[in-house]
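File shown here: query-v8.cif, holding mmCIF, C-alpha atoms; chains and numbers go by the auth columns.
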data_coords
loop_
_atom_site.group_PDB
_atom_site.id
_atom_site.type_symbol
_atom_site.label_atom_id
_atom_site.label_comp_id
_atom_site.label_asym_id
_atom_site.label_seq_id
_atom_site.Cartn_x
_atom_site.Cartn_y
_atom_site.Cartn_z
_atom_site.B_iso_or_equiv
_atom_site.auth_seq_id
_atom_site.auth_asym_id
ATOM 1 C CA MET A 1 -3.320 -12.576 -32.323 0.00 89 G
ATOM 2 C CA ARG A 2 -1.022 -9.534 -32.057 0.00 90 G
ATOM 3 C CA LYS A 3 -2.432 -8.715 -28.585 0.00 91 G
ATOM 4 C CA LEU A 4 -1.858 -12.294 -27.429 0.00 92 G
ATOM 5 C CA CYS A 5 1.714 -12.297 -28.710 0.00 93 G
ATOM 6 C CA LEU A 6 2.439 -8.976 -26.978 0.00 94 G
ATOM 7 C CA LEU A 7 0.970 -10.234 -23.712 0.00 95 G
ATOM 8 C CA PHE A 8 2.969 -13.472 -23.998 0.00 96 G
ATOM 9 C CA VAL A 9 6.236 -11.626 -24.546 0.00 97 G
ATOM 10 C CA ILE A 10 5.598 -9.288 -21.614 0.00 98 G
ATOM 11 C CA MET A 11 4.542 -12.115 -19.299 0.00 99 G
ATOM 12 C CA VAL A 12 7.694 -14.067 -20.213 0.00 100 G
ATOM 13 C CA GLY A 13 9.664 -10.972 -19.297 0.00 101 G
ATOM 14 C CA PHE A 14 7.911 -10.807 -15.940 0.00 102 G
ATOM 15 C CA ALA A 15 8.631 -14.480 -15.299 0.00 103 G
ATOM 16 C CA ALA A 16 12.298 -13.973 -16.124 0.00 104 G
ATOM 17 C CA SER A 17 12.601 -11.084 -13.681 0.00 105 G
ATOM 18 C CA ALA A 18 10.431 -12.620 -10.954 0.00 106 G
ATOM 19 C CA PHE A 19 13.398 -13.456 -8.782 0.00 107 G
ATOM 20 C CA ALA A 20 14.512 -9.827 -8.832 0.00 108 G
ATOM 21 C CA GLN A 21 11.059 -8.435 -8.014 0.00 109 G
ATOM 22 C CA THR A 22 8.853 -8.689 -4.983 0.00 110 G
ATOM 23 C CA GLN A 23 5.264 -9.785 -5.560 0.00 111 G
ATOM 24 C CA MET A 24 4.102 -6.211 -4.950 0.00 112 G
ATOM 25 C CA GLU A 25 6.510 -4.909 -7.563 0.00 113 G
ATOM 26 C CA GLN A 26 5.247 -7.508 -10.033 0.00 114 G
ATOM 27 C CA ALA A 27 1.630 -6.527 -9.369 0.00 115 G
ATOM 28 C CA ASP A 28 2.439 -2.815 -9.641 0.00 116 G
ATOM 29 C CA SER A 29 4.269 -3.401 -12.932 0.00 117 G
ATOM 30 C CA LEU A 30 1.227 -5.212 -14.328 0.00 118 G
ATOM 31 C CA TYR A 31 -1.050 -2.429 -13.109 0.00 119 G
ATOM 32 C CA ALA A 32 1.171 0.128 -14.848 0.00 120 G
ATOM 33 C CA LEU A 33 0.422 -1.684 -18.139 0.00 121 G
ATOM 34 C CA ARG A 34 -3.356 -1.489 -17.653 0.00 122 G
ATOM 35 C CA GLY A 35 -3.805 0.895 -20.585 0.00 123 G
ATOM 36 C CA GLU A 36 -1.975 -1.274 -23.129 0.00 124 G
ATOM 37 C CA ASN A 37 -4.136 -2.099 -26.165 0.00 125 G
ATOM 38 C CA PHE A 38 -6.725 0.550 -25.249 0.00 126 G
ATOM 39 C CA ASN A 39 -9.385 0.504 -27.954 0.00 127 G
ATOM 40 C CA GLU A 40 -9.999 4.027 -29.255 0.00 128 G
ATOM 41 C CA ALA A 41 -13.124 2.883 -31.135 0.00 129 G
ATOM 42 C CA THR A 42 -14.927 1.231 -28.216 0.00 130 G
ATOM 43 C CA LEU A 43 -13.252 3.384 -25.518 0.00 131 G
ATOM 44 C CA LEU A 44 -12.499 0.220 -23.568 0.00 132 G
ATOM 45 C CA ALA A 45 -9.237 -1.036 -22.091 0.00 133 G
ATOM 46 C CA ASP A 46 -7.995 -4.575 -22.577 0.00 134 G
ATOM 47 C CA SER A 47 -8.592 -6.513 -19.349 0.00 135 G
ATOM 48 C CA SER A 48 -5.543 -8.809 -19.679 0.00 136 G
ATOM 49 C CA PHE A 49 -3.076 -6.809 -17.611 0.00 137 G
ATOM 50 C CA ILE A 50 -5.529 -5.627 -14.969 0.00 138 G
ATOM 51 C CA ASN A 51 -6.722 -9.211 -14.481 0.00 139 G
ATOM 52 C CA ALA A 52 -3.110 -10.343 -14.058 0.00 140 G
ATOM 53 C CA ALA A 53 -2.503 -7.541 -11.537 0.00 141 G
ATOM 54 C CA ILE A 54 -5.652 -8.505 -9.617 0.00 142 G
ATOM 55 C CA ASP A 55 -4.448 -12.108 -9.341 0.00 143 G
ATOM 56 C CA VAL A 56 -1.129 -11.062 -7.803 0.00 144 G
ATOM 57 C CA TYR A 57 -2.674 -8.501 -5.436 0.00 145 G
ATOM 58 C CA LYS A 58 -5.104 -11.204 -4.256 0.00 146 G
ATOM 59 C CA GLU A 59 -2.222 -13.583 -3.583 0.00 147 G
ATOM 60 C CA ILE A 60 -0.423 -10.948 -1.528 0.00 148 G
ATOM 61 C CA GLN A 61 -3.517 -10.020 0.448 0.00 149 G
ATOM 62 C CA ALA A 62 -4.178 -13.683 1.278 0.00 150 G
ATOM 63 C CA SER A 63 -0.684 -14.333 2.618 0.00 151 G
ATOM 64 C CA ALA A 64 0.687 -11.005 3.846 0.00 152 G
ATOM 65 C CA THR A 65 0.290 -9.253 7.182 0.00 153 G
ATOM 66 C CA GLY A 66 0.618 -5.689 8.440 0.00 154 G
ATOM 67 C CA PRO A 67 1.483 -2.843 6.046 0.00 155 G
ATOM 68 C CA GLU A 68 1.942 -5.174 3.059 0.00 156 G
ATOM 69 C CA LYS A 69 -1.546 -6.617 3.503 0.00 157 G
ATOM 70 C CA GLU A 70 -2.965 -3.099 3.871 0.00 158 G
ATOM 71 C CA GLU A 71 -1.251 -1.964 0.660 0.00 159 G
ATOM 72 C CA ALA A 72 -2.417 -5.036 -1.250 0.00 160 G
ATOM 73 C CA ALA A 73 -6.016 -4.452 -0.108 0.00 161 G
ATOM 74 C CA TRP A 74 -6.304 -0.881 -1.373 0.00 162 G
ATOM 75 C CA LYS A 75 -4.426 -1.645 -4.556 0.00 163 G
ATOM 76 C CA LEU A 76 -6.742 -4.588 -5.175 0.00 164 G
ATOM 77 C CA MET A 77 -9.766 -2.300 -4.757 0.00 165 G
ATOM 78 C CA ARG A 78 -8.140 0.207 -7.096 0.00 166 G
ATOM 79 C CA ALA A 79 -7.670 -2.567 -9.670 0.00 167 G
ATOM 80 C CA TYR A 80 -11.287 -3.705 -9.376 0.00 168 G
ATOM 81 C CA TYR A 81 -12.417 -0.099 -9.811 0.00 169 G
ATOM 82 C CA TYR A 82 -10.336 0.190 -12.978 0.00 170 G
ATOM 83 C CA LYS A 83 -11.609 -3.126 -14.326 0.00 171 G
ATOM 84 C CA GLY A 84 -15.264 -2.213 -13.789 0.00 172 G
ATOM 85 C CA ARG A 85 -14.905 1.383 -14.912 0.00 173 G
ATOM 86 C CA TYR A 86 -12.708 1.017 -17.981 0.00 174 G
ATOM 87 C CA THR A 87 -12.846 -2.529 -19.401 0.00 175 G
ATOM 88 C CA THR A 88 -16.584 -3.188 -19.836 0.00 176 G
ATOM 89 C CA ASN A 89 -19.880 -1.495 -20.654 0.00 177 G
ATOM 90 C CA ASP A 90 -21.934 -4.428 -19.334 0.00 178 G
ATOM 91 C CA SER A 91 -23.907 -3.147 -16.317 0.00 179 G
ATOM 92 C CA GLU A 92 -24.350 -6.595 -14.758 0.00 180 G
ATOM 93 C CA LEU A 93 -20.642 -7.320 -15.022 0.00 181 G
ATOM 94 C CA LYS A 94 -19.860 -3.908 -13.545 0.00 182 G
ATOM 95 C CA LYS A 95 -22.117 -4.740 -10.582 0.00 183 G
ATOM 96 C CA LYS A 96 -20.268 -7.997 -9.941 0.00 184 G
ATOM 97 C CA ILE A 97 -16.869 -6.319 -10.142 0.00 185 G
ATOM 98 C CA PHE A 98 -17.810 -3.414 -7.883 0.00 186 G
ATOM 99 C CA ASN A 99 -19.437 -5.783 -5.399 0.00 187 G
ATOM 100 C CA LEU A 100 -16.119 -7.621 -5.111 0.00 188 G
ATOM 101 C CA GLY A 101 -14.337 -4.329 -4.553 0.00 189 G
ATOM 102 C CA LYS A 102 -16.680 -3.069 -1.861 0.00 190 G
ATOM 103 C CA GLU A 103 -16.608 -6.408 -0.005 0.00 191 G
ATOM 104 C CA ILE A 104 -12.815 -6.228 0.129 0.00 192 G
ATOM 105 C CA GLY A 105 -13.065 -2.686 1.460 0.00 193 G
ATOM 106 C CA GLU A 106 -15.579 -3.477 4.194 0.00 194 G
ATOM 107 C CA GLU A 107 -13.462 -6.369 5.431 0.00 195 G
ATOM 108 C CA ALA A 108 -10.167 -4.493 5.189 0.00 196 G
ATOM 109 C CA LEU A 109 -11.513 -1.488 7.120 0.00 197 G
ATOM 110 C CA THR A 110 -12.158 -3.669 10.160 0.00 198 G
ATOM 111 C CA GLU A 111 -8.433 -4.477 10.257 0.00 199 G
ATOM 112 C CA PHE A 112 -7.036 -1.167 8.956 0.00 200 G
ATOM 113 C CA PRO A 113 -9.564 1.560 9.881 0.00 201 G
ATOM 114 C CA ASN A 114 -6.987 4.340 9.580 0.00 202 G
ATOM 115 C CA SER A 115 -5.581 3.401 6.183 0.00 203 G
ATOM 116 C CA PRO A 116 -5.904 6.309 3.741 0.00 204 G
ATOM 117 C CA GLY A 117 -5.767 3.929 0.771 0.00 205 G
ATOM 118 C CA ILE A 118 -8.447 1.575 2.034 0.00 206 G
ATOM 119 C CA ASN A 119 -10.721 4.429 3.092 0.00 207 G
ATOM 120 C CA LEU A 120 -10.327 6.252 -0.225 0.00 208 G
ATOM 121 C CA PHE A 121 -10.769 3.310 -2.571 0.00 209 G
ATOM 122 C CA SER A 122 -13.606 1.922 -0.488 0.00 210 G
ATOM 123 C CA ALA A 123 -15.321 5.290 -0.961 0.00 211 G
ATOM 124 C CA ILE A 124 -14.583 5.246 -4.692 0.00 212 G
ATOM 125 C CA VAL A 125 -15.908 1.710 -5.176 0.00 213 G
ATOM 126 C CA TRP A 126 -19.062 2.532 -3.203 0.00 214 G
ATOM 127 C CA GLY A 127 -19.523 5.535 -5.495 0.00 215 G
ATOM 128 C CA VAL A 128 -19.408 3.535 -8.724 0.00 216 G
ATOM 129 C CA TRP A 129 -21.492 0.792 -7.078 0.00 217 G
ATOM 130 C CA ALA A 130 -24.178 3.422 -6.442 0.00 218 G
ATOM 131 C CA GLU A 131 -24.035 4.566 -10.066 0.00 219 G
ATOM 132 C CA GLU A 132 -24.826 1.030 -11.219 0.00 220 G
ATOM 133 C CA TYR A 133 -27.467 0.166 -8.617 0.00 221 G
ATOM 134 C CA GLY A 134 -29.237 3.532 -8.578 0.00 222 G
ATOM 135 C CA ILE A 135 -30.308 6.225 -6.118 0.00 223 G
ATOM 136 C CA LEU A 136 -32.781 4.126 -4.124 0.00 224 G
ATOM 137 C CA ALA A 137 -30.332 1.274 -3.525 0.00 225 G
ATOM 138 C CA ALA A 138 -27.649 3.797 -2.601 0.00 226 G
ATOM 139 C CA ALA A 139 -29.997 5.538 -0.139 0.00 227 G
ATOM 140 C CA ARG A 140 -30.919 2.230 1.511 0.00 228 G
ATOM 141 C CA LYS A 141 -27.236 1.403 1.982 0.00 229 G
ATOM 142 C CA GLY A 142 -26.350 4.896 3.194 0.00 230 G
ATOM 143 C CA VAL A 143 -23.732 5.180 0.471 0.00 231 G
ATOM 144 C CA ALA A 144 -23.361 8.968 0.515 0.00 232 G
ATOM 145 C CA GLY A 145 -22.685 8.922 4.252 0.00 233 G
ATOM 146 C CA LYS A 146 -20.114 6.138 3.909 0.00 234 G
ATOM 147 C CA ILE A 147 -18.270 8.026 1.180 0.00 235 G
ATOM 148 C CA LYS A 148 -18.329 11.282 3.153 0.00 236 G
ATOM 149 C CA GLU A 149 -17.053 9.658 6.339 0.00 237 G
ATOM 150 C CA ARG A 150 -14.260 7.767 4.598 0.00 238 G
ATOM 151 C CA CYS A 151 -13.059 10.733 2.560 0.00 239 G
ATOM 152 C CA GLU A 152 -12.978 12.898 5.674 0.00 240 G
ATOM 153 C CA LYS A 153 -10.816 10.210 7.289 0.00 241 G
ATOM 154 C CA VAL A 154 -8.424 10.287 4.311 0.00 242 G
ATOM 155 C CA ILE A 155 -8.156 14.089 4.516 0.00 243 G
ATOM 156 C CA GLU A 156 -7.496 13.868 8.249 0.00 244 G
ATOM 157 C CA ILE A 157 -4.724 11.270 7.846 0.00 245 G
ATOM 158 C CA ASP A 158 -3.110 12.219 4.529 0.00 246 G
ATOM 159 C CA PRO A 159 -4.736 15.057 2.540 0.00 247 G
ATOM 160 C CA ASN A 160 -2.288 14.586 -0.353 0.00 248 G
ATOM 161 C CA PHE A 161 -2.883 10.850 -0.802 0.00 249 G
ATOM 162 C CA ASP A 162 -3.610 9.862 -4.427 0.00 250 G
ATOM 163 C CA ASP A 163 -3.510 13.378 -5.843 0.00 251 G
ATOM 164 C CA ALA A 164 -5.557 14.819 -2.973 0.00 252 G
ATOM 165 C CA GLY A 165 -8.108 12.082 -3.640 0.00 253 G
ATOM 166 C CA GLY A 166 -9.973 12.668 -0.392 0.00 254 G
ATOM 167 C CA TYR A 167 -10.931 16.177 -1.494 0.00 255 G
ATOM 168 C CA ARG A 168 -11.694 15.049 -5.061 0.00 256 G
ATOM 169 C CA VAL A 169 -14.095 12.283 -4.044 0.00 257 G
ATOM 170 C CA LEU A 170 -15.618 14.200 -1.132 0.00 258 G
ATOM 171 C CA GLY A 171 -16.271 17.182 -3.385 0.00 259 G
ATOM 172 C CA ARG A 172 -17.908 14.929 -5.932 0.00 260 G
ATOM 173 C CA VAL A 173 -20.250 13.333 -3.390 0.00 261 G
ATOM 174 C CA TYR A 174 -21.262 16.786 -2.110 0.00 262 G
ATOM 175 C CA PHE A 175 -22.012 17.721 -5.731 0.00 263 G
ATOM 176 C CA LYS A 176 -23.771 14.557 -6.901 0.00 264 G
ATOM 177 C CA SER A 177 -25.779 13.465 -3.854 0.00 265 G
ATOM 178 C CA PRO A 178 -29.403 14.631 -3.748 0.00 266 G
ATOM 179 C CA LYS A 179 -30.456 16.609 -0.696 0.00 267 G
ATOM 180 C CA LEU A 180 -33.144 14.466 0.987 0.00 268 G
ATOM 181 C CA TRP A 181 -34.687 16.349 3.878 0.00 269 G
ATOM 182 C CA PRO A 182 -34.406 15.418 6.757 0.00 270 G
ATOM 183 C CA ILE A 183 -32.343 12.262 6.049 0.00 271 G
ATOM 184 C CA LEU A 184 -29.564 13.722 3.914 0.00 272 G
ATOM 185 C CA ARG A 185 -29.156 17.423 4.605 0.00 273 G
ATOM 186 C CA TRP A 186 -25.471 18.045 3.985 0.00 274 G
ATOM 187 C CA PRO A 187 -25.063 17.790 0.147 0.00 275 G
ATOM 188 C CA SER A 188 -24.177 21.195 -1.264 0.00 276 G
ATOM 189 C CA LYS A 189 -22.876 22.272 -4.643 0.00 277 G
ATOM 190 C CA SER A 190 -21.277 25.391 -3.184 0.00 278 G
ATOM 191 C CA LYS A 191 -19.430 23.249 -0.610 0.00 279 G
ATOM 192 C CA ALA A 192 -18.410 20.953 -3.459 0.00 280 G
ATOM 193 C CA VAL A 193 -16.684 23.897 -5.150 0.00 281 G
ATOM 194 C CA LYS A 194 -14.649 24.653 -2.009 0.00 282 G
ATOM 195 C CA LEU A 195 -13.584 21.031 -1.550 0.00 283 G
ATOM 196 C CA LEU A 196 -12.664 20.533 -5.191 0.00 284 G
ATOM 197 C CA LYS A 197 -10.630 23.738 -5.210 0.00 285 G
ATOM 198 C CA LYS A 198 -8.619 22.320 -2.322 0.00 286 G
ATOM 199 C CA GLY A 199 -8.206 19.117 -4.292 0.00 287 G
ATOM 200 C CA LEU A 200 -6.911 21.038 -7.297 0.00 288 G
ATOM 201 C CA GLU A 201 -4.504 23.002 -5.098 0.00 289 G
ATOM 202 C CA GLY A 202 -3.082 19.686 -3.911 0.00 290 G
ATOM 203 C CA ALA A 203 -2.865 18.174 -7.405 0.00 291 G
ATOM 204 C CA PRO A 204 -3.073 20.950 -10.017 0.00 292 G
ATOM 205 C CA GLU A 205 -2.537 18.600 -12.992 0.00 293 G
ATOM 206 C CA ASN A 206 -5.241 16.062 -12.146 0.00 294 G
ATOM 207 C CA LEU A 207 -7.712 15.984 -15.048 0.00 295 G
ATOM 208 C CA ILE A 208 -10.555 14.329 -13.145 0.00 296 G
ATOM 209 C CA THR A 209 -10.402 16.943 -10.388 0.00 297 G
ATOM 210 C CA LYS A 210 -10.498 19.673 -13.043 0.00 298 G
ATOM 211 C CA GLN A 211 -13.564 18.115 -14.653 0.00 299 G
ATOM 212 C CA PHE A 212 -15.374 17.730 -11.334 0.00 300 G
ATOM 213 C CA LEU A 213 -14.543 21.291 -10.288 0.00 301 G
ATOM 214 C CA ALA A 214 -15.690 22.648 -13.662 0.00 302 G
ATOM 215 C CA GLU A 215 -19.069 20.929 -13.283 0.00 303 G
ATOM 216 C CA ALA A 216 -19.451 22.283 -9.752 0.00 304 G
ATOM 217 C CA LEU A 217 -18.493 25.819 -10.846 0.00 305 G
ATOM 218 C CA TYR A 218 -20.979 25.710 -13.705 0.00 306 G
ATOM 219 C CA SER A 219 -23.756 24.765 -11.267 0.00 307 G
ATOM 220 C CA GLN A 220 -22.921 27.936 -9.312 0.00 308 G
ATOM 221 C CA ASP A 221 -23.182 30.086 -12.440 0.00 309 G
ATOM 222 C CA GLU A 222 -19.403 30.491 -12.714 0.00 310 G
ATOM 223 C CA LYS A 223 -19.644 29.490 -16.361 0.00 311 G
ATOM 224 C CA GLU A 224 -16.570 31.241 -17.705 0.00 312 G
ATOM 225 C CA ALA A 225 -14.289 29.602 -15.132 0.00 313 G
ATOM 226 C CA ALA A 226 -15.952 26.242 -15.755 0.00 314 G
ATOM 227 C CA VAL A 227 -15.425 26.350 -19.512 0.00 315 G
ATOM 228 C CA LYS A 228 -11.821 27.493 -19.031 0.00 316 G
ATOM 229 C CA LEU A 229 -11.083 24.461 -16.842 0.00 317 G
ATOM 230 C CA MET A 230 -12.740 22.069 -19.282 0.00 318 G
ATOM 231 C CA ASN A 231 -10.649 23.482 -22.129 0.00 319 G
ATOM 232 C CA GLU A 232 -7.529 23.045 -20.018 0.00 320 G
ATOM 233 C CA VAL A 233 -8.379 19.357 -19.750 0.00 321 G
ATOM 234 C CA LEU A 234 -8.762 19.057 -23.526 0.00 322 G
ATOM 235 C CA ALA A 235 -5.525 20.944 -24.183 0.00 323 G
ATOM 236 C CA THR A 236 -3.427 18.749 -21.876 0.00 324 G
ATOM 237 C CA GLN A 237 -0.704 16.836 -23.688 0.00 325 G
ATOM 238 C CA GLY A 238 0.798 13.496 -22.672 0.00 326 G
ATOM 239 C CA ILE A 239 -0.513 10.963 -20.184 0.00 327 G
ATOM 240 C CA VAL A 240 -1.566 12.281 -16.771 0.00 328 G
ATOM 241 C CA ASP A 241 -3.707 9.669 -14.978 0.00 329 G
ATOM 242 C CA GLY A 242 -3.470 6.825 -17.499 0.00 330 G
ATOM 243 C CA ILE A 243 -4.302 6.133 -21.137 0.00 331 G
ATOM 244 C CA ALA A 244 -7.871 4.950 -20.527 0.00 332 G
ATOM 245 C CA GLU A 245 -8.504 7.428 -17.723 0.00 333 G
ATOM 246 C CA ASP A 246 -7.355 10.467 -19.713 0.00 334 G
ATOM 247 C CA THR A 247 -9.176 9.405 -22.884 0.00 335 G
ATOM 248 C CA ILE A 248 -12.475 8.782 -21.078 0.00 336 G
ATOM 249 C CA THR A 249 -12.164 12.029 -19.113 0.00 337 G
ATOM 250 C CA LYS A 250 -11.568 14.054 -22.268 0.00 338 G
ATOM 251 C CA ASN A 251 -14.437 12.288 -24.012 0.00 339 G
ATOM 252 C CA GLU A 252 -16.777 13.160 -21.114 0.00 340 G
ATOM 253 C CA VAL A 253 -15.540 16.757 -21.092 0.00 341 G
ATOM 254 C CA LYS A 254 -16.296 17.136 -24.821 0.00 342 G
ATOM 255 C CA ALA A 255 -19.828 15.823 -24.263 0.00 343 G
ATOM 256 C CA ILE A 256 -20.428 18.168 -21.318 0.00 344 G
ATOM 257 C CA LEU A 257 -19.169 21.194 -23.257 0.00 345 G
ATOM 258 C CA LYS A 258 -21.596 20.365 -26.071 0.00 346 G
ATOM 259 C CA GLU A 259 -24.452 20.220 -23.555 0.00 347 G
ATOM 260 C CA TRP A 260 -23.450 23.586 -22.131 0.00 348 G
ATOM 261 C CA GLU A 261 -23.276 25.143 -25.605 0.00 349 G
ATOM 262 C CA MET A 262 -26.882 24.089 -26.242 0.00 350 G
ATOM 263 C CA LYS A 263 -28.226 25.787 -23.114 0.00 351 G
#

Just give me the structure as structure tokens.
Amino acid sequence: MRKLCLLFVIMVGFAASAFAQTQMEQADSLYALRGENFNEATLLADSSFINAAIDVYKEIQASATGPEKEEAAWKLMRAYYYKGRYTTNDSELKKKIFNLGKEIGEEALTEFPNSPGINLFSAIVWGVWAEEYGILAAARKGVAGKIKERCEKVIEIDPNFDDAGGYRVLGRVYFKSPKLWPILRWPSKSKAVKLLKKGLEGAPENLITKQFLAEALYSQDEKEAAVKLMNEVLATQGIVDGIAEDTITKNEVKAILKEWEMK
């Protein structure tokens, strides 16, 4: 009941200020509230605000043209990523959500092939899609190659976009993808380290980049540096990426450190 009352009050406030805000500003304001009512026990975010943001982004994408349509498309993919990643543990529901996100990306790329936002969040959604559907499905769809190509495009156009997101996601795919000779020869954990270091140079406070780099460093036997980075993540005060994002990242980091201690 308390959550419903809070949502009602906030939505009334949005309605009252609607004339002073553009649709994009309304959607962005709703997205900014995505971490409200985050459940510390279940480690899940409330879907109310992200669903409301998705509805407005969809409206914009359906009616807008040019740069506004491009912006709505990548922000809609970003919202679907958040919804699937942080509001549910149901694998089948995650699949449906990520499918919606990747379909938006494939369509939007035909119209905006040089958009850093669409390329990056298309790569991100394909990545989480692959996590849900598995290695074989990802290999059949050529997911690793899609992610690599799109992240390289982001780096070429705007290397600083979304906290150097092109380097962060490209480094992760170099780290996580299995080397399948002769089909997939380029994955490399040492190359992942180089890419993720560039990502951290571009966004030194980003917790997810720190986690990814720490994992890559550990794989290269740079254990002291890896542990130091992980502890930096845990020691970080305040909100960096978002309430749900930071909490989940720190939770994952704690679990990884425990695994490392047992080796």

Selection dump of the PyMOL selection byres ((chain G and resi 137-145) around 6), as a PyMOL selection string: chain G and resi 115+118-119+122+135-136+146-148+160+164

For Arg173 (chain G), the nearest of the candidates G:Glu312, G:Phe186, G:Ala120, G:Ile243, counting all atoms listed in the file: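 Among the listed residues, G:Phe186 lies closest to Arg173 (chain G).
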
Selection under test: the PyMOL selection byres ((chain G and resi 342) around 12); residues as a PyMOL selection string: chain G and resi 299+315+318-323+335-341+343-349

Determine the axis-aligned bounding box of all atoms of region 218-230 of chain G present in the file, pad each side by 5 Å, and express its centre and edge lengths in Å to one decimal place as AutoDock Vina command-line options.
--center_x -28.4 --center_y 3.2 --center_z -4.0 --size_x 18.7 --size_y 16.1 --size_z 24.4

Pairwise distance for CA of Ser179 (chain G) and CA of Ile212 (chain G), rounded to one decimal in Å: 17.1 Å

Counting only C-alpha atoms, the option among G:Ala226, G:Leu295, G:Leu121, G:Leu208 closest to Asp246 (chain G): G:Leu208

Interatomic distance, CA of Leu188 (chain G) to CA of Thr153 (chain G) (Å, one decimal): 20.6 Å

Given the PyMOL selection byres ((chain G and resi 211) around 12), the residues it picks as a PyMOL selection string: chain G and resi 162+165-166+169+186+189-194+197+204-210+212-218+230-242+253-258+260-261

Distance of CA of Pro275 (chain G) from CA of Asp329 (chain G), expressed in Å to one decimal place: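 Calculated distance between CA of Asp329 (chain G) and CA of Pro275 (chain G) is 27.4 Å.
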
Residues within 10 Å of (-23.4, 25.2, -1.5), file coords, only C-alpha atoms, listed as a list in words: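 Looking at atoms near the point gives Tyr262, Phe263, Trp274, Pro275, Ser276, Lys277, Ser278, Lys279, Ala280, Val281, Lys282, Ala304, Ser307 and Gln308 of chain G.
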
Nearest candidate to Pro247 (chain G) (options G:Arg273, G:Lys171, G:Gly290, G:Leu224; using all atoms listed in the file):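 Result for the nearest residue to Pro247 (chain G): G:Gly290.
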
Nearby residues, (-2.7, -8.0, 1.7) file frame, 6 Å, only C-alpha atoms, as a list of chain:residue names: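 In the file's frame, the residues around the point are G:Ile148, G:Gln149, G:Ala150, G:Ala152, G:Glu156, G:Lys157, G:Glu158, G:Ala160, G:Ala161.
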
Generate the output file for the selected residues, C-alpha atoms, as a PDB file, in the coordinates of the input.
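What follows is the written file again_0.pdb:
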ATOM      1  CA  ILE G 148      -0.423 -10.948  -1.528  1.00  0.00           C
ATOM      2  CA  GLN G 149      -3.517 -10.020   0.448  1.00  0.00           C
ATOM      3  CA  ALA G 150      -4.178 -13.683   1.278  1.00  0.00           C
ATOM      4  CA  ALA G 152       0.687 -11.005   3.846  1.00  0.00           C
ATOM      5  CA  GLU G 156       1.942  -5.174   3.059  1.00  0.00           C
ATOM      6  CA  LYS G 157      -1.546  -6.617   3.503  1.00  0.00           C
ATOM      7  CA  GLU G 158      -2.965  -3.099   3.871  1.00  0.00           C
ATOM      8  CA  ALA G 160      -2.417  -5.036  -1.250  1.00  0.00           C
ATOM      9  CA  ALA G 161      -6.016  -4.452  -0.108  1.00  0.00           C
TER      10      ALA G 161
END

Near-Lys285 (chain G) list (10 Å; only C-alpha atoms; drop same-chain fewer than 6 positions) as a list in words: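 Once the nearby chain positions are removed, what remains is Tyr255, Arg256, Gly259, Lys279, Ala291, Pro292, Thr297, Lys298, Phe300, Leu301, Ala302 and Leu305 of chain G.
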
Could you please take those selected residues and save C-alpha atoms as a short mmCIF file (atom, residue, chain, number, x, y, z; two decimals), in the frame of the given file?
data_model
loop_
_atom_site.label_atom_id
_atom_site.label_comp_id
_atom_site.auth_asym_id
_atom_site.auth_seq_id
_atom_site.Cartn_x
_atom_site.Cartn_y
_atom_site.Cartn_z
CA TYR G 255 -10.93 16.18 -1.49
CA ARG G 256 -11.69 15.05 -5.06
CA GLY G 259 -16.27 17.18 -3.38
CA LYS G 279 -19.43 23.25 -0.61
CA ALA G 291 -2.86 18.17 -7.40
CA PRO G 292 -3.07 20.95 -10.02
CA THR G 297 -10.40 16.94 -10.39
CA LYS G 298 -10.50 19.67 -13.04
CA PHE G 300 -15.37 17.73 -11.33
CA LEU G 301 -14.54 21.29 -10.29
CA ALA G 302 -15.69 22.65 -13.66
CA LEU G 305 -18.49 25.82 -10.85
#

Selected residue, from G:Ala332, G:Phe200, G:Leu284, G:Leu272, that lies nearest to Asp134 (chain G) when counting all atoms listed in the file: G:Ala332

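Nearest residue to Lys264 (chain G), choosing from G:Ile223, G:Gly287, G:Gln109, G:Asp178 and counting all atoms listed in the file: G:Ile223.
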
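Nearest-residue note for Glu199 (chain G): choosing from G:Tyr170, G:Gly154, G:Pro270, G:Asn127, the minimum distance belongs to G:Gly154, counting all atoms listed in the file.
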
Using the atoms already present, construct N, CA and C atoms for region 109-115 of chain G and hand them back as a compact mmCIF listing (two decimals), in the coordinates of the input.
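And here's rebuild_28.txt as it stands now:
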# COMPACT_ATOMS: atom_id res chain seq x y z
N GLN G 109 12.16 -9.29 -8.43
CA GLN G 109 11.06 -8.44 -8.01
C GLN G 109 10.30 -9.06 -6.85
N THR G 110 9.79 -8.20 -5.98
CA THR G 110 8.85 -8.69 -4.98
C THR G 110 7.51 -8.90 -5.67
N GLN G 111 6.60 -9.60 -5.00
CA GLN G 111 5.26 -9.78 -5.56
C GLN G 111 4.57 -8.44 -5.77
N MET G 112 4.75 -7.52 -4.82
CA MET G 112 4.10 -6.21 -4.95
C MET G 112 4.64 -5.46 -6.17
N GLU G 113 5.93 -5.56 -6.39
CA GLU G 113 6.51 -4.91 -7.56
C GLU G 113 5.98 -5.53 -8.85
N GLN G 114 5.81 -6.84 -8.86
CA GLN G 114 5.25 -7.51 -10.03
C GLN G 114 3.83 -7.01 -10.30
N ALA G 115 3.02 -6.98 -9.23
CA ALA G 115 1.63 -6.53 -9.37
C ALA G 115 1.57 -5.08 -9.84
